[in-house]
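Colleague: Here you go, this is start03.cif (mmCIF, C-alpha atoms and all ligand atoms).
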data_coords
loop_
_atom_site.label_atom_id
_atom_site.label_comp_id
_atom_site.auth_asym_id
_atom_site.auth_seq_id
_atom_site.Cartn_x
_atom_site.Cartn_y
_atom_site.Cartn_z
CA MET H 1128 0.00 0.00 0.00
CA GLN H 1129 1.32 3.39 -1.02
CA LEU H 1130 1.16 5.80 1.91
CA PRO H 1131 0.69 9.54 1.30
CA ASP H 1132 3.52 11.98 2.01
CA PHE H 1133 2.98 12.98 5.65
CA SER H 1134 5.19 16.04 5.36
CA ASN H 1135 2.36 17.54 3.29
CA PRO H 1136 0.46 19.73 5.84
CA LEU H 1137 -2.94 18.28 4.93
CA TRP H 1138 -1.76 14.69 5.36
CA PHE H 1139 0.09 15.63 8.54
CA PHE H 1140 -3.17 17.04 9.88
CA ILE H 1141 -5.12 13.90 8.85
CA ALA H 1142 -2.49 11.64 10.46
CA THR H 1143 -2.69 13.71 13.68
CA ILE H 1144 -6.49 13.32 13.76
CA VAL H 1145 -6.26 9.55 13.18
CA PHE H 1146 -3.59 9.14 15.89
CA PHE H 1147 -5.62 11.28 18.27
CA ILE H 1148 -8.72 9.08 17.78
CA VAL H 1149 -6.68 5.91 18.35
CA ILE H 1150 -4.86 7.26 21.45
CA ILE H 1151 -7.89 8.80 23.14
CA GLY H 1152 -9.97 5.74 22.18
CA ARG H 1153 -7.40 3.45 23.79
CA TYR H 1154 -7.43 5.60 26.95
CA PHE H 1155 -11.23 5.56 27.25
CA LEU H 1156 -11.36 1.86 26.49
CA ILE H 1157 -8.74 0.70 29.00
CA ALA H 1158 -9.36 3.27 31.77
CA GLY H 1159 -13.11 2.83 31.23
CA LEU H 1160 -12.81 -0.94 31.47
CA PHE H 1161 -10.95 -0.76 34.79
CA TYR H 1162 -13.24 1.94 36.14
CA GLY H 1163 -16.28 -0.10 35.13
CA VAL H 1164 -15.04 -3.38 36.62
CA PHE H 1165 -13.49 -2.06 39.83
CA TYR H 1166 -15.56 1.01 40.67
CA LEU H 1167 -19.00 0.50 39.17
CA TRP H 1168 -19.61 -3.21 38.79
CA ALA H 1169 -18.46 -4.63 42.14
CA PRO H 1170 -16.99 -1.87 44.32
CA LEU H 1171 -17.71 -3.72 47.58
CA ARG H 1172 -15.72 -6.71 46.43
CA TRP H 1173 -12.62 -4.51 46.18
CA GLN H 1174 -13.24 -2.44 49.28
CA GLN H 1175 -10.43 -3.99 51.27
CA ARG H 1176 -7.99 -3.61 48.42
CA LYS H 1177 -8.92 0.06 47.92
CA ILE H 1178 -5.83 1.91 49.02
CA ASN H 1179 -7.39 5.23 50.04
CA ASN H 1180 -10.86 5.28 51.45
CA ARG H 1181 -11.42 9.01 51.24
CA ASN H 1182 -13.78 10.33 48.57
CA TYR H 1183 -12.48 11.77 45.32
CA LYS H 1184 -12.39 15.54 45.00
CA LYS H 1185 -15.37 17.06 43.25
CA ASP H 1186 -14.77 17.27 39.47
CA GLN H 1187 -11.50 15.29 39.76
CA PHE H 1188 -12.40 12.81 37.01
CA LYS H 1189 -13.52 15.62 34.71
CA LYS H 1190 -10.17 17.42 35.16
CA GLU H 1191 -8.19 14.20 34.69
CA ILE H 1192 -10.04 13.38 31.47
CA GLY H 1193 -9.47 16.95 30.27
CA TRP H 1194 -5.69 16.85 30.87
CA SER H 1195 -5.49 13.32 29.42
CA THR H 1196 -7.21 14.58 26.25
CA VAL H 1197 -4.56 17.31 25.90
CA THR H 1198 -1.83 14.67 26.41
CA ALA H 1199 -3.45 12.45 23.75
CA LEU H 1200 -3.39 15.38 21.32
CA LEU H 1201 0.33 15.96 22.01
CA PHE H 1202 1.10 12.27 21.57
CA ALA H 1203 -0.85 12.37 18.28
CA ILE H 1204 1.17 15.34 16.94
CA PHE H 1205 4.40 13.55 17.89
CA GLY H 1206 3.05 10.36 16.29
CA ALA H 1207 2.44 12.19 13.01
CA GLY H 1208 5.90 13.79 13.32
CA THR H 1209 7.41 10.34 13.78
CA MET H 1210 5.69 9.20 10.56
CA VAL H 1211 7.44 12.06 8.74
CA LEU H 1212 10.80 11.12 10.29
CA TRP H 1213 10.18 7.51 9.26
CA GLN H 1214 9.34 8.43 5.66
CA LYS H 1215 12.44 10.61 5.44
CA GLY H 1216 14.55 7.70 6.64
CA TYR H 1217 15.53 9.12 10.06
CA THR H 1218 14.09 6.29 12.15
CA ARG H 1219 14.99 2.62 12.43
CA VAL H 1220 11.37 1.46 12.29
CA TYR H 1221 10.99 -1.59 10.04
CA THR H 1222 8.05 -3.51 8.63
CA ASN H 1223 9.56 -6.81 7.49
CA ILE H 1224 9.91 -9.16 10.50
CA HIS H 1225 12.71 -11.13 8.80
CA GLN H 1226 14.93 -8.07 8.67
CA TYR H 1227 16.06 -8.67 12.27
CA GLY H 1228 14.55 -12.10 12.93
CA TRP H 1229 11.86 -13.27 15.32
CA TRP H 1230 14.07 -13.11 18.43
CA TRP H 1231 14.49 -9.36 17.99
CA LEU H 1232 10.75 -8.74 18.49
CA PRO H 1233 10.70 -9.58 22.25
CA ALA H 1234 14.28 -8.35 22.69
CA SER H 1235 13.49 -4.93 21.20
CA LEU H 1236 10.32 -4.72 23.31
CA ALA H 1237 12.29 -5.46 26.49
CA MET H 1238 14.92 -2.86 25.55
CA ALA H 1239 12.28 -0.26 24.77
CA LEU H 1240 10.62 -0.81 28.15
CA LEU H 1241 13.92 -0.65 30.04
CA LEU H 1242 15.00 2.50 28.23
CA HIS H 1243 11.60 4.10 28.77
CA GLU H 1244 11.86 3.23 32.45
CA THR H 1245 15.27 4.90 32.68
CA TYR H 1246 14.15 7.99 30.78
CA TYR H 1247 11.05 8.41 32.91
CA TYR H 1248 12.67 7.68 36.28
CA TRP H 1249 15.25 10.45 35.86
CA LEU H 1250 12.85 12.84 34.17
CA HIS H 1251 10.44 12.23 37.05
CA ARG H 1252 13.06 12.92 39.69
CA TRP H 1253 14.00 16.12 37.91
CA MET H 1254 10.34 17.16 37.77
CA HIS H 1255 10.19 16.87 41.55
CA ARG H 1256 12.62 19.75 42.01
CA PRO H 1257 10.38 22.41 43.63
CA LYS H 1258 10.60 25.02 40.85
CA ILE H 1259 10.08 22.50 38.04
CA PHE H 1260 7.37 20.70 40.03
CA ARG H 1261 5.20 23.80 40.33
CA VAL H 1262 5.32 24.43 36.60
CA MET H 1263 5.02 21.01 35.01
CA HIS H 1264 4.31 18.18 37.43
CA LYS H 1265 1.82 19.60 39.93
CA VAL H 1266 -1.10 18.90 37.61
CA HIS H 1267 -0.42 15.17 37.86
CA HIS H 1268 -0.15 15.35 41.64
CA ASP H 1269 -3.39 17.29 41.97
CA SER H 1270 -4.83 13.78 42.00
CA ASN H 1271 -3.88 12.97 45.62
CA ILE H 1272 -5.95 9.84 45.35
CA THR H 1273 -5.46 8.47 41.88
CA SER H 1274 -8.05 6.86 39.63
CA PRO H 1275 -7.90 5.02 36.29
CA TRP H 1276 -8.54 8.42 34.68
CA THR H 1277 -5.30 9.85 36.17
CA ALA H 1278 -3.30 7.67 33.75
CA PHE H 1279 -2.47 10.50 31.29
CA SER H 1280 -3.40 13.49 33.39
CA PHE H 1281 -0.32 15.62 32.79
CA HIS H 1282 0.47 19.28 32.25
CA PRO H 1283 1.22 19.82 28.52
CA LEU H 1284 4.90 20.56 29.30
CA GLU H 1285 5.23 17.19 31.02
CA GLY H 1286 3.24 15.60 28.18
CA LEU H 1287 5.72 17.14 25.71
CA LEU H 1288 8.74 15.67 27.50
CA GLN H 1289 7.03 12.31 27.69
CA ALA H 1290 6.04 12.41 24.00
CA LEU H 1291 9.63 13.12 23.02
CA PHE H 1292 10.79 9.70 24.15
CA LEU H 1293 9.36 7.51 21.38
CA PRO H 1294 10.72 9.41 18.34
CA LEU H 1295 14.13 9.63 20.05
CA LEU H 1296 14.06 5.90 20.80
CA LEU H 1297 13.03 5.02 17.24
CA MET H 1298 15.96 6.95 15.85
CA VAL H 1299 18.36 4.54 17.57
CA LEU H 1300 16.53 1.27 18.28
CA PRO H 1301 15.23 -0.86 15.39
CA MET H 1302 11.60 -1.64 16.20
CA HIS H 1303 8.97 -3.44 14.21
CA GLU H 1304 5.77 -1.44 13.74
CA TYR H 1305 3.70 -4.04 15.64
CA VAL H 1306 6.14 -4.04 18.56
CA ILE H 1307 5.67 -0.26 18.83
CA ILE H 1308 1.91 -0.78 19.07
CA ILE H 1309 2.42 -3.46 21.77
CA GLN H 1310 4.75 -1.18 23.77
CA LEU H 1311 2.21 1.68 23.66
CA THR H 1312 -0.57 -0.66 24.75
CA ILE H 1313 1.54 -1.95 27.66
CA MET H 1314 2.22 1.68 28.61
CA THR H 1315 -1.52 2.41 28.77
CA PHE H 1316 -2.37 -0.74 30.77
CA SER H 1317 0.51 -0.14 33.15
CA SER H 1318 -0.46 3.49 33.77
CA VAL H 1319 -4.11 2.59 34.39
CA ILE H 1320 -3.20 -0.28 36.77
CA ASN H 1321 -0.71 1.90 38.66
CA HIS H 1322 -3.26 4.67 39.13
CA LEU H 1323 -6.20 2.37 39.92
CA ASP H 1324 -5.86 2.89 43.71
CA ILE H 1325 -7.01 -0.71 44.14
CA GLU H 1326 -4.31 -3.37 44.53
CA VAL H 1327 -4.99 -6.04 41.89
CA TYR H 1328 -1.85 -8.14 42.29
CA PRO H 1329 -1.89 -11.30 44.43
CA LYS H 1330 -0.80 -11.58 48.04
CA ASN H 1331 3.01 -11.52 48.53
CA PHE H 1332 3.51 -10.28 44.97
CA TYR H 1333 5.83 -7.52 46.29
CA ASN H 1334 8.15 -10.32 47.33
CA HIS H 1335 7.70 -12.57 44.31
CA LEU H 1336 10.61 -13.33 41.98
CA LEU H 1337 9.00 -11.35 39.15
CA GLY H 1338 6.39 -9.37 41.07
CA LYS H 1339 8.97 -7.49 43.11
CA TRP H 1340 10.17 -5.77 39.95
CA LEU H 1341 6.72 -4.58 38.90
CA ILE H 1342 5.07 -1.34 40.00
CA GLY H 1343 1.39 -1.61 40.90
CA ALA H 1344 -1.33 0.47 42.48
CA THR H 1345 0.04 0.31 46.04
CA HIS H 1346 3.53 1.27 44.90
CA HIS H 1347 2.41 4.25 42.84
CA SER H 1348 -0.23 5.43 45.31
CA LEU H 1349 2.63 5.97 47.75
CA HIS H 1350 4.32 8.23 45.22
CA HIS H 1351 1.19 10.38 45.07
CA LYS H 1352 1.04 10.50 48.85
CA GLN H 1353 4.68 10.76 49.89
CA PHE H 1354 6.19 12.53 46.84
CA LYS H 1355 9.80 11.60 47.59
CA TYR H 1356 9.56 7.86 46.90
CA ASN H 1357 8.58 5.49 44.08
CA TYR H 1358 9.41 7.47 40.94
CA GLY H 1359 9.37 4.49 38.57
CA LEU H 1360 7.10 3.92 35.58
CA TYR H 1361 6.78 0.15 34.97
CA PHE H 1362 9.53 -1.37 37.11
CA THR H 1363 10.95 -0.93 40.59
CA PHE H 1364 14.63 -1.49 39.82
CA TRP H 1365 15.68 2.17 39.70
CA ASP H 1366 13.84 2.90 42.94
CA LYS H 1367 15.48 -0.10 44.61
CA TRP H 1368 18.90 0.76 43.23
CA LYS H 1369 18.79 4.47 44.12
CA HIS H 1370 17.07 3.79 47.48
CA THR H 1371 13.98 5.76 46.58
CA GLU H 1372 11.51 2.97 47.24
CA SER H 1373 9.06 3.84 50.01
CA PRO H 1374 9.77 2.11 53.32
CA ALA H 1375 5.99 1.85 53.78
CA TYR H 1376 5.51 -0.21 50.60
CA GLU H 1377 5.72 -3.79 51.85
CA LYS H 1378 3.56 -3.24 54.90
CA LEU H 1379 0.87 -1.43 52.94
CA PHE H 1380 0.91 -4.13 50.26
CA GLN H 1381 0.47 -6.86 52.88
CA GLU H 1382 -2.32 -4.93 54.52
CA LYS H 1383 -4.24 -4.41 51.28
CA THR H 1384 -3.88 -8.01 50.11
CA ALA H 1385 -4.56 -9.66 53.50
CA PRO H 1386 -7.47 -12.10 53.34
CA LYS H 1387 -10.87 -10.54 53.91
CA PRO H 1388 -12.57 -11.38 57.24
CA THR H 1389 -15.05 -13.65 55.42
CA GLU H 1390 -12.21 -15.53 53.72
CA MET H 1391 -10.60 -16.03 57.12
CA ILE H 1392 -13.81 -17.45 58.59
CA VAL H 1393 -14.04 -19.93 55.69
CA ALA H 1394 -10.38 -20.91 56.16
CA VAL H 1395 -10.92 -21.45 59.93
CA GLN H 1396 -14.05 -23.53 59.26
CA GLU H 1397 -12.16 -25.66 56.71
CA CYS H 1398 -9.33 -26.12 59.18
CA ASP H 1399 -11.79 -27.16 61.93
CA ALA H 1400 -13.50 -29.55 59.55
CA THR H 1401 -10.22 -31.33 58.71
CA LYS H 1402 -9.30 -31.52 62.40
CA ALA H 1403 -12.70 -33.00 63.28
CA SER H 1404 -12.56 -35.68 60.57
ZN ZN H 1501 5.62 12.65 40.69
ZN ZN H 1502 1.05 9.07 38.92
#
Would you mind writing the structure in this file as structure tokens?
Modeller:
Amino acid sequence: MQLPDFSNPLWFFIATIVFFIVIIGRYFLIAGLFYGVFYLWAPLRWQQRKINNRNYKKDQFKKEIGWSTVTALLFAIFGAGTMVLWQKGYTRVYTNIHQYGWWWLPASLAMALLLHETYYYWLHRWMHRPKIFRVMHKVHHDSNITSPWTAFSFHPLEGLLQALFLPLLLMVLPMHEYVIIIQLTIMTFSSVINHLDIEVYPKNFYNHLLGKWLIGATHHSLHHKQFKYNYGLYFTFWDKWKHTESPAYEKLFQEKTAPKPTEMIVAVQECDATKAS
């Protein structure tokens, strides 16, 4: 299929619109799914795993959706810009899987996630310097208690710095077009899960061989509450390495994933039943 020249302003505009629809659609779909399942469908079921039990601020969701829409627009403009860079031969995006082999698909995904983690961790720490914080990161922290809608609630300046990552990455790292789509989808899921304010991971996951490296709702809720800990995006390794992981994390995780009183009663009854038989 012959693609149009995206450096033509009209086609650039059309590409931006298409990207915007896809990005905002993905946000509404994934954040909406989690909001529907965890907040509307069976909120009582998740009550114990809800990290903060205070009510949300009035109009919080509306503001978060507003800022996330602005972020989606910025991501769309950068997406269209990346298409131009690709057509002009400045990126290492490829479309034929055999060019680098099958093994490169997961390897490039892993590298992209690790590099994104590194970029965001240090950018995030920088954004917590008081002067910078007030200008570009306060908007995100206005959500003291996060929600699935907080996922892309950023000030446009922060959105800009975040949007810059992908084109920069694609100029150096060969990535298949489908792997890029997978990475962006992981990013959306991860951000929604981390801002859910309901711990969805199993008991002891913070201590699990793989689980200990993953950020979740408890981990990131502590960032929104304590500010000076838990700066990571997907993974905990930078926080562990630079000693910025919250000392309250493990205890809070245990507390939120402890068995519910009803589950304990069932377990005691089962135990009694086996003793009696
Ligand atoms: Zn922050
Ligand atoms: Zn956050």
Colleague: For a quick check of understanding, using only C-alpha atoms, which of H:Tyr1376, H:Phe1165, H:Tyr1246, H:Trp1368 has the smallest distance to H:Thr1345?
Modeller: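 When distances to H:Thr1345 are compared using only C-alpha atoms, the smallest one comes from H:Tyr1376.
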Colleague: What is the distance, in Å and to one decimal place, between atom CA of H:Ser1317 and atom CA of H:Ile1259?
Modeller: 25.1 Å
Colleague: Just checking: using all atoms listed in the file, which residue out of H:Thr1384, H:Gln1187, H:Thr1273, H:Asn1334 ends up closest to ligand ZN 1501 (chain H)?
Modeller: H:Thr1273
Colleague: Return as a short mmCIF file (atom, residue, chain, number, x, y, z; two decimals) with C-alpha atoms, in the frame of the given file the residues of protein, DNA or RNA that approach ligand ZN 1502 (chain H) to within 9 Å, with only C-alpha atoms and all ligand atoms taken into account.
Modeller:
data_model
loop_
_atom_site.label_atom_id
_atom_site.label_comp_id
_atom_site.auth_asym_id
_atom_site.auth_seq_id
_atom_site.Cartn_x
_atom_site.Cartn_y
_atom_site.Cartn_z
CA HIS H 1267 -0.42 15.17 37.86
CA HIS H 1268 -0.15 15.35 41.64
CA SER H 1270 -4.83 13.78 42.00
CA THR H 1273 -5.46 8.47 41.88
CA THR H 1277 -5.30 9.85 36.17
CA ALA H 1278 -3.30 7.67 33.75
CA PHE H 1279 -2.47 10.50 31.29
CA SER H 1280 -3.40 13.49 33.39
CA SER H 1318 -0.46 3.49 33.77
CA ASN H 1321 -0.71 1.90 38.66
CA HIS H 1322 -3.26 4.67 39.13
CA HIS H 1347 2.41 4.25 42.84
CA SER H 1348 -0.23 5.43 45.31
CA HIS H 1350 4.32 8.23 45.22
CA HIS H 1351 1.19 10.38 45.07
CA TYR H 1358 9.41 7.47 40.94
CA LEU H 1360 7.10 3.92 35.58
#
Colleague: Could you please extract the residues within 10 Å of ligand ZN 1501 (chain H), counting only C-alpha atoms and all ligand atoms, and hand them back as a list in words?
Modeller: Tyr1248, Leu1250, His1251, Arg1252, Trp1253, Met1254, His1255, Phe1260, His1264, Lys1265, Val1266, His1267, His1268, His1347, His1350, His1351, Lys1352, Gln1353, Phe1354, Lys1355, Tyr1356, Asn1357, Tyr1358 and Gly1359 of chain H
Colleague: Would you kindly return, as a PyMOL selection string, each protein, DNA or RNA residue with an atom no farther than 8 Å from any atom of H:Ala1203, considering all atoms listed in the file and excluding same-chain residues fewer than 3 positions away?
Modeller: chain H and resi 1143-1147+1150+1199-1200+1206-1207
Colleague: Which centre and edge lengths in Å to one decimal define the box along x, y and z that fits every listed atom of stretch 1263-1280 of chain H plus 4 Å per side, as lines of an AutoDock Vina configuration file?
Modeller:
center_x = -1.8
center_y = 13.0
center_z = 38.5
size_x = 21.6
size_y = 24.0
size_z = 22.3
Colleague: Which neighbours of H:Leu1287 fall inside 8 Å, counting only C-alpha atoms, when residues of the same chain fewer than 4 positions from it are skipped, and could you give them as an NGL selection string?
Modeller: :H and (1198 or 1201-1202 or 1283 or 1291)
Colleague: Expressed in Å to a single decimal, how great is the separation between atom CA of H:Phe1133 and atom CA of H:Gly1208?
Modeller: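 Between these atoms lies a distance of 8.2 Å.
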Colleague: Which one of H:Leu1323, H:Ala1169, H:Leu1297, H:Ile1313 sits closest to H:Thr1209 if you count all atoms listed in the file?
Modeller: H:Leu1297
Colleague: Could you give me stretch 1334-1358 of chain H completed to N, CA and C atoms, formatted as a PDB file, in the frame of the given file?
Modeller:
ATOM      1  N   ASN H1334       6.990  -9.534  46.945  1.00  0.00           N
ATOM      2  CA  ASN H1334       8.150 -10.320  47.330  1.00  0.00           C
ATOM      3  C   ASN H1334       8.435 -11.443  46.331  1.00  0.00           C
ATOM      4  N   HIS H1335       7.617 -11.500  45.301  1.00  0.00           N
ATOM      5  CA  HIS H1335       7.700 -12.570  44.310  1.00  0.00           C
ATOM      6  C   HIS H1335       8.896 -12.321  43.389  1.00  0.00           C
ATOM      7  N   LEU H1336       9.435 -13.395  42.861  1.00  0.00           N
ATOM      8  CA  LEU H1336      10.610 -13.330  41.980  1.00  0.00           C
ATOM      9  C   LEU H1336      10.451 -12.302  40.851  1.00  0.00           C
ATOM     10  N   LEU H1337       9.267 -12.312  40.226  1.00  0.00           N
ATOM     11  CA  LEU H1337       9.000 -11.350  39.150  1.00  0.00           C
ATOM     12  C   LEU H1337       8.234 -10.138  39.683  1.00  0.00           C
ATOM     13  N   GLY H1338       7.275 -10.429  40.562  1.00  0.00           N
ATOM     14  CA  GLY H1338       6.390  -9.370  41.070  1.00  0.00           C
ATOM     15  C   GLY H1338       7.133  -8.235  41.744  1.00  0.00           C
ATOM     16  N   LYS H1339       8.256  -8.549  42.385  1.00  0.00           N
ATOM     17  CA  LYS H1339       8.970  -7.490  43.110  1.00  0.00           C
ATOM     18  C   LYS H1339       9.548  -6.414  42.194  1.00  0.00           C
ATOM     19  N   TRP H1340       9.624  -6.752  40.902  1.00  0.00           N
ATOM     20  CA  TRP H1340      10.170  -5.770  39.950  1.00  0.00           C
ATOM     21  C   TRP H1340       9.078  -4.943  39.270  1.00  0.00           C
ATOM     22  N   LEU H1341       7.817  -5.277  39.571  1.00  0.00           N
ATOM     23  CA  LEU H1341       6.720  -4.580  38.900  1.00  0.00           C
ATOM     24  C   LEU H1341       6.066  -3.548  39.818  1.00  0.00           C
ATOM     25  N   ILE H1342       5.791  -2.371  39.253  1.00  0.00           N
ATOM     26  CA  ILE H1342       5.070  -1.340  40.000  1.00  0.00           C
ATOM     27  C   ILE H1342       3.586  -1.671  39.905  1.00  0.00           C
ATOM     28  N   GLY H1343       2.851  -1.420  40.949  1.00  0.00           N
ATOM     29  CA  GLY H1343       1.390  -1.610  40.900  1.00  0.00           C
ATOM     30  C   GLY H1343       0.721  -0.446  41.591  1.00  0.00           C
ATOM     31  N   ALA H1344      -0.547  -0.623  41.910  1.00  0.00           N
ATOM     32  CA  ALA H1344      -1.330   0.470  42.480  1.00  0.00           C
ATOM     33  C   ALA H1344      -0.817   0.911  43.857  1.00  0.00           C
ATOM     34  N   THR H1345      -0.437  -0.060  44.701  1.00  0.00           N
ATOM     35  CA  THR H1345       0.040   0.310  46.040  1.00  0.00           C
ATOM     36  C   THR H1345       1.331   1.127  45.917  1.00  0.00           C
ATOM     37  N   HIS H1346       2.232   0.617  45.083  1.00  0.00           N
ATOM     38  CA  HIS H1346       3.530   1.270  44.900  1.00  0.00           C
ATOM     39  C   HIS H1346       3.342   2.726  44.442  1.00  0.00           C
ATOM     40  N   HIS H1347       2.536   2.906  43.396  1.00  0.00           N
ATOM     41  CA  HIS H1347       2.410   4.250  42.840  1.00  0.00           C
ATOM     42  C   HIS H1347       1.527   5.167  43.695  1.00  0.00           C
ATOM     43  N   SER H1348       0.598   4.569  44.445  1.00  0.00           N
ATOM     44  CA  SER H1348      -0.230   5.430  45.310  1.00  0.00           C
ATOM     45  C   SER H1348       0.654   6.094  46.359  1.00  0.00           C
ATOM     46  N   LEU H1349       1.710   5.383  46.770  1.00  0.00           N
ATOM     47  CA  LEU H1349       2.630   5.970  47.750  1.00  0.00           C
ATOM     48  C   LEU H1349       3.409   7.138  47.154  1.00  0.00           C
ATOM     49  N   HIS H1350       3.660   7.078  45.853  1.00  0.00           N
ATOM     50  CA  HIS H1350       4.320   8.230  45.220  1.00  0.00           C
ATOM     51  C   HIS H1350       3.411   9.461  45.307  1.00  0.00           C
ATOM     52  N   HIS H1351       2.125   9.252  45.037  1.00  0.00           N
ATOM     53  CA  HIS H1351       1.190  10.380  45.070  1.00  0.00           C
ATOM     54  C   HIS H1351       0.966  10.915  46.487  1.00  0.00           C
ATOM     55  N   LYS H1352       1.249  10.066  47.479  1.00  0.00           N
ATOM     56  CA  LYS H1352       1.040  10.500  48.850  1.00  0.00           C
ATOM     57  C   LYS H1352       2.315  11.054  49.470  1.00  0.00           C
ATOM     58  N   GLN H1353       3.438  10.393  49.207  1.00  0.00           N
ATOM     59  CA  GLN H1353       4.680  10.760  49.890  1.00  0.00           C
ATOM     60  C   GLN H1353       5.619  11.627  49.061  1.00  0.00           C
ATOM     61  N   PHE H1354       5.415  11.686  47.771  1.00  0.00           N
ATOM     62  CA  PHE H1354       6.190  12.530  46.840  1.00  0.00           C
ATOM     63  C   PHE H1354       7.658  12.127  46.659  1.00  0.00           C
ATOM     64  N   LYS H1355       8.351  11.774  47.732  1.00  0.00           N
ATOM     65  CA  LYS H1355       9.800  11.600  47.590  1.00  0.00           C
ATOM     66  C   LYS H1355      10.214  10.143  47.370  1.00  0.00           C
ATOM     67  N   TYR H1356       9.251   9.268  47.165  1.00  0.00           N
ATOM     68  CA  TYR H1356       9.560   7.860  46.900  1.00  0.00           C
ATOM     69  C   TYR H1356       8.830   7.365  45.656  1.00  0.00           C
ATOM     70  N   ASN H1357       9.294   6.221  45.142  1.00  0.00           N
ATOM     71  CA  ASN H1357       8.580   5.490  44.080  1.00  0.00           C
ATOM     72  C   ASN H1357       8.371   6.319  42.798  1.00  0.00           C
ATOM     73  N   TYR H1358       9.477   6.656  42.154  1.00  0.00           N
ATOM     74  CA  TYR H1358       9.410   7.470  40.940  1.00  0.00           C
ATOM     75  C   TYR H1358       9.247   6.657  39.653  1.00  0.00           C
TER      76      TYR H1358
END
